Amino acid sequence: PMGSHRHPPGSSWTCRAVLGDGHQRTVRRVAWSPCGSYLASASFDGTTCIWKRQEDGFECVATLEGHENEVKSVAWAPSGSLLATCSRDKSVWVWEVDEEEEYECVSVLNAHTQDVKHVVWHPSQELLASASYDDTVRLYREEEDDWVCCATLEGHNSTVWAVAFDKEGERLASVSDDRTLRVWHRYHPGNQEGVACSGTDPTWKCVCTLSGYHSRTIYDVSWCHLTGALATACGDDAIRVFEESPTSEEAQPTFSLTAHSSLSNLTLHCSASVLRTSVEAEPSRRKRPRVSFSRHMSLMALAVFPVSFLE
Amino acid sequence: MAARFSGVLQLTDLDDFIGPSQECIKPVKVEKQAGKAAAKIRIEADGSYFQIDQDGGAQKLEKAKITLNDCLACSGCITSAESVLITQQSHEELCRVLADNKAAAPNEQKLVVVSVSPQSRASLAAKCKMGVLETAKKLTTFLKSVHYVFDTTFSRNFSLLESQREFVRRFRRQTEDRRALPMLASACPGWICYAEKTHGSFIIPYISTTKSPQQVMGSLVKGYFAEQQHLTPNQIYHVTVMPCYDKKLEASRPDFFNQQYQTRDVDCVITTGEVLKLLEQEGVSLSDVDPAPLDTMLSSAAEELSTHPGGGSGGYLEHIYRHAAKELFGIQVDTIEYKPLKNKDFQEVTLQRDGEVLLQFALAYGFRNIQNLVQKLKRGKSPYHYVEVMACPSGCLNGGGQIKLEGESKDRLQHVERLYESPKAEIPEENQAVAELYERWLGGRDSQKAVGMLHTEYHPVEKANTGFNIKW
């Protein structure tokens with residue numbers, strides 16, 4: 001059980017730098033490199049800037065051009081030498097950086113048929129996932145001297161806004177304009193469950209669909225690698241956290257809503273403040289929650305403060 | 001439907017969405033009456049519009065009409081729809097033209113000429129399981145309502161010779177002209193359209209001005225051949241058979257439109273796949289057709305097939321390399337060694353002497369390599385003197401319009417490559433017919449006519465930043 005800490009919003013964070021000269025339009029996403037020395041910024045101006053951390057700030061060391069229009073997302077691969085970007089031009093690009101900090105395009109993937117919203121790398125393998133306005137999630141891997149789309153996850157009925165891998169990378173969560181969260185499981189060739197695979201590529205199957213929880217489009221999802229909990233960001237102004245039920249089976253996992261933040265007043269068992277608003281969660285069914293809520297929230301929200309469970 | 005044009009072109013904003021264009025050329029005729037006050041418009045229940053003038057009289061207004069033909073004349077909106085561009089030039093269009101031609105009065109009939117690219121021929125040969133010469137002869141028979149069937153390998157001689165000489169000229173002036181080198185190949189319209197649209201005036205100075213074999217053939221057929229046949233250019237309907245769809249766009253370029261005779265140098269481009277469709281439509285199996293002798297543009301031209309070494313995309317790098325080595329450094333090159341770089345579509349060739357690099361050439365096929373090349377060029381970090389740029393990975397033999405064969409894709413492509421390379425290799429400088437044409441028709445290699453017939457220009461495409469084009 002944690003003691004209760006309350007901090008006034010913003011007191012422990014200071015603004016170190018404002019990188020105002022890199023882009024000409026909306027900066028849509030930023031991503032730190034695995035080593036922490038570089039920051040990538042994806043912009044509606046069609047470029048992705050790479051900023052290198054210096055003693056006194058950040059310097060733009062490279063500008064990745066080539067996308068035809070707005071870049072929607074950028075992500076670093078765990079190895080740190082690969083980067084992925086995606087755009088409204090329907091393509092996903094894979095870039096490579098060498099020892100001299102020179103970035104080169106390694107592949108241009110045109111698998112999606114519409115605007116690509118999000119790209120994310122597998123936590124440990126060089127496997128890339130993308131989410132699109134074409135209602136699908138696609139996966140890509142390297143094959144010989146090029147990258148190929150090795151899987152297409154169909155099931156959502158509308159734009160897929162974001163995806164997230166779980167810690168092991170055997171499962172993927174996707175969230176959509178269709179207001180559902182889907183969990184997909186990877187089945188390798190020769191799997192016990194008898195799921196068919198074509199060639200040497202694994203098959204991804206949708207093993208869980210959470211519907212009825214969200215009343216608007218779900219824009220983002222985050223899968224906590226520490227606790228396994230899933231958090232969603234929704235157009236109905238709420239953040240929701242789902243945890244896997246104790247009776248969940250691998251082939252048919254079940255998740256339940258363990259925390260639902262909304263702006264209305266509810267009595268709480270656990271609370272967290274997000275930005276300026278005090279967000280309160282529904283009472284937890286458990287008397288002693290397994291995990292600290294603050295850990296869940298801190299991974300996802302912009303500014304989250306330690307929270308405590310009230311006894 | 002999506003993957004018709006080369007990957008490079010697909011990324012250059014060819015929209016399915018037809019947005020109204022501010023460049024619309026359709027003038028809407030308005031009959032203006034001299035009057036002081038503005039007219040009032042009344043909309044009836046049935047949607048018709050009436051103009052109410054000052055004394056209360058009502059006049060029904062005509063609806064402004066824009067027909068598809070008007071739109072096709074304009075470069076603005078509808079023509080960016082892929083389906084329209086494709087149907088404008090297709091095998092169906094060819095069939096229609098041939099049918100109309102048959103039915104037309106003798107003095108209205110056109111001479112129909114088909115120029116087949118060696119890549120298309122190799123693809124057909126692979127599909128029909130024949131050699132290339134057999135394929136060429138049987139194709140000549142099949143296209144019997146067509147009057148002549150030529151081979152663009154012939155016109156390619158001109159493209160190669162002009163490219164070689166252009167390179168040497170540029171190399172010699174590189175100290176005065178910062179943008180003389182690297183010289184970038186010009187035969188691929190996928191690359192050209194992308195370059196004009198995305199990099200515009202930055203990249204255009206580097207692109208070779210030499211016309212592609214297709215367009216040289218256009219000049220030859222509508223120029224020399226027409227004269228020989230005592231016809232005007234518009235009395236010939238020139239069709240080419242190409243391995244990709246991008247060639248359709250090349251044929252439609254305004255630079256290749258003959259203003260005087262209001263005719264295109266190439267009237268219709270059909271892909272290899274479309275030829276197959278024609279065969280299937282007629283229920284013909286090419287292997288069952290009787291072979292016919294090959295047509296030649298000049299009677300002195302050889303009656304067998306020939307090829308140019310250096311890969312399935314024309315061999316520009318190899319020809320320019322050999323010629324430059326000889327002309328600039330007095331070196332006779334035997335075998336050319338390629339060094340693959342990041343991927344198999346990006347390869348380097350280096351000429352060295354006593355440890356000094358004399359020439360550094362490269363092949364850059366496919367969008368990602370084109371990207372990297374241009375970005376390097378922009379940063380001033382490109383080490384090349386010449387780059388053979390092609391939009392399609394693996395080059396023209398793998399173009400979007402080629403016939404898809406069964407089996408492993410690598411093996412299929414290799415099979416087509418072997419067929420493509422099977423004819424005897426010819427040296428452009430030694431082709432008698434080509435030399436004759438330079439003399440008789442063009443009046444010399446450096447004549448103004450030669451430049452006009454064998455070279456072209458490029459135009460940066462301005463991105464229209466009008467309200468209509470912004471996608472929120």
# chains A, B, ... in the order shown; residues from 1 in each chain; ligands from 1
$ interface_residues --of "chain A" --to "chain B" --cutoff "12 Å" --atoms "only C-alpha atoms" --output "ChimeraX atom specification"
/A:44,62-70,87-96,98,102-115,143-147
$ closest_atom_pairs --of "range 131-171 of chain B" --to "range 234-258 of chain B" --cutoff "10 Å" --atoms "only C-alpha atoms" --output "JSON lines"
{"residue": "B:Val146", "atom": "CA", "partner": "B:Tyr237", "partner_atom": "CA", "distance": 9.5}
{"residue": "B:Tyr148", "atom": "CA", "partner": "B:His238", "partner_atom": "CA", "distance": 9.7}
{"residue": "B:Val149", "atom": "CA", "partner": "B:Val239", "partner_atom": "CA", "distance": 9.4}
{"residue": "B:Phe150", "atom": "CA", "partner": "B:Thr240", "partner_atom": "CA", "distance": 9.1}
{"residue": "B:Asp151", "atom": "CA", "partner": "B:Thr240", "partner_atom": "CA", "distance": 9.3}
{"residue": "B:Thr152", "atom": "CA", "partner": "B:Thr240", "partner_atom": "CA", "distance": 8.5}
$ write_last_selection --atoms "all heavy atoms" --output "tab-separated table (two decimals), in the first residue's frame"
chain	number	residue	atom	x	y	z
B	146	VAL	N	-2.98	-4.49	-89.09
B	146	VAL	CA	-2.03	-3.41	-88.89
B	146	VAL	C	-1.08	-3.51	-90.08
B	146	VAL	O	-0.79	-4.59	-90.57
B	146	VAL	CB	-1.29	-3.67	-87.56
B	146	VAL	CG1	0.07	-3.05	-87.53
B	146	VAL	CG2	-2.13	-3.22	-86.39
B	148	TYR	N	2.23	-2.27	-90.57
B	148	TYR	CA	3.64	-2.53	-90.32
B	148	TYR	C	3.87	-2.80	-88.84
B	148	TYR	O	3.24	-2.16	-87.99
B	148	TYR	CB	4.51	-1.32	-90.72
B	148	TYR	CG	4.58	-1.09	-92.20
B	148	TYR	CD1	3.62	-0.32	-92.84
B	148	TYR	CD2	5.61	-1.66	-92.96
B	148	TYR	CE1	3.69	-0.10	-94.21
B	148	TYR	CE2	5.68	-1.45	-94.32
B	148	TYR	CZ	4.71	-0.68	-94.95
B	148	TYR	OH	4.78	-0.48	-96.30
B	149	VAL	N	4.78	-3.71	-88.56
B	149	VAL	CA	5.15	-3.98	-87.17
B	149	VAL	C	6.66	-3.79	-87.04
B	149	VAL	O	7.43	-4.48	-87.70
B	149	VAL	CB	4.77	-5.43	-86.76
B	149	VAL	CG1	5.18	-5.70	-85.31
B	149	VAL	CG2	3.27	-5.65	-86.92
B	150	PHE	N	7.05	-2.82	-86.24
B	150	PHE	CA	8.47	-2.53	-86.05
B	150	PHE	C	8.95	-2.90	-84.67
B	150	PHE	O	8.15	-3.26	-83.79
B	150	PHE	CB	8.72	-1.04	-86.28
B	150	PHE	CG	8.48	-0.56	-87.68
B	150	PHE	CD1	7.74	0.59	-87.92
B	150	PHE	CD2	8.98	-1.27	-88.78
B	150	PHE	CE1	7.51	1.04	-89.22
B	150	PHE	CE2	8.75	-0.83	-90.07
B	150	PHE	CZ	8.00	0.32	-90.30
B	151	ASP	N	10.24	-2.76	-84.45
B	151	ASP	CA	10.89	-3.13	-83.18
B	151	ASP	C	11.56	-1.88	-82.63
B	151	ASP	O	12.36	-1.24	-83.32
B	151	ASP	CB	11.92	-4.21	-83.49
B	151	ASP	CG	12.67	-4.72	-82.28
B	151	ASP	OD1	12.50	-4.18	-81.17
B	151	ASP	OD2	13.45	-5.68	-82.44
B	152	THR	N	11.26	-1.53	-81.40
B	152	THR	CA	11.87	-0.30	-80.86
B	152	THR	C	13.35	-0.48	-80.55
B	152	THR	O	14.02	0.49	-80.17
B	152	THR	CB	11.14	0.21	-79.60
B	152	THR	OG1	11.21	-0.77	-78.57
B	152	THR	CG2	9.69	0.54	-79.91
$ residues_around --residues "Leu94 in chain B" --least-positions-apart "4" --cutoff "10 Å" --atoms "only C-alpha atoms" --output "ChimeraX atom specification"
/B:88-90,98-100,112,237,239,267-270,278
$ residues_around --residues "range 199-206 of chain A" --least-positions-apart "3" --cutoff "8 Å" --atoms "only C-alpha atoms" --output "list in words"
Cys150, Ala151, Leu153, Gly155, Arg182, Val183, Trp184, His185, Arg186, Tyr187, His188, Pro189, Val195, Ala196 and Thr209 of chain A
$ closest_residue --among "A:Phe58, A:Trp51, A:Phe242, A:Trp121" --to "Ser73 in chain A" --atoms "only C-alpha atoms"
A:Trp121
$ residues_around --residues "range 383-392 of chain B" --least-positions-apart "2" --cutoff "7 Å" --atoms "only C-alpha atoms" --output "number ranges by chain"
B: 6, 8, 181-185, 188, 190-191, 316-317, 359-367, 381, 394-396, 398-399
$ atom_distance --atom1 "CA of Leu160 in chain B" --atom2 "CA of Val357 in chain B"
23.8 Å
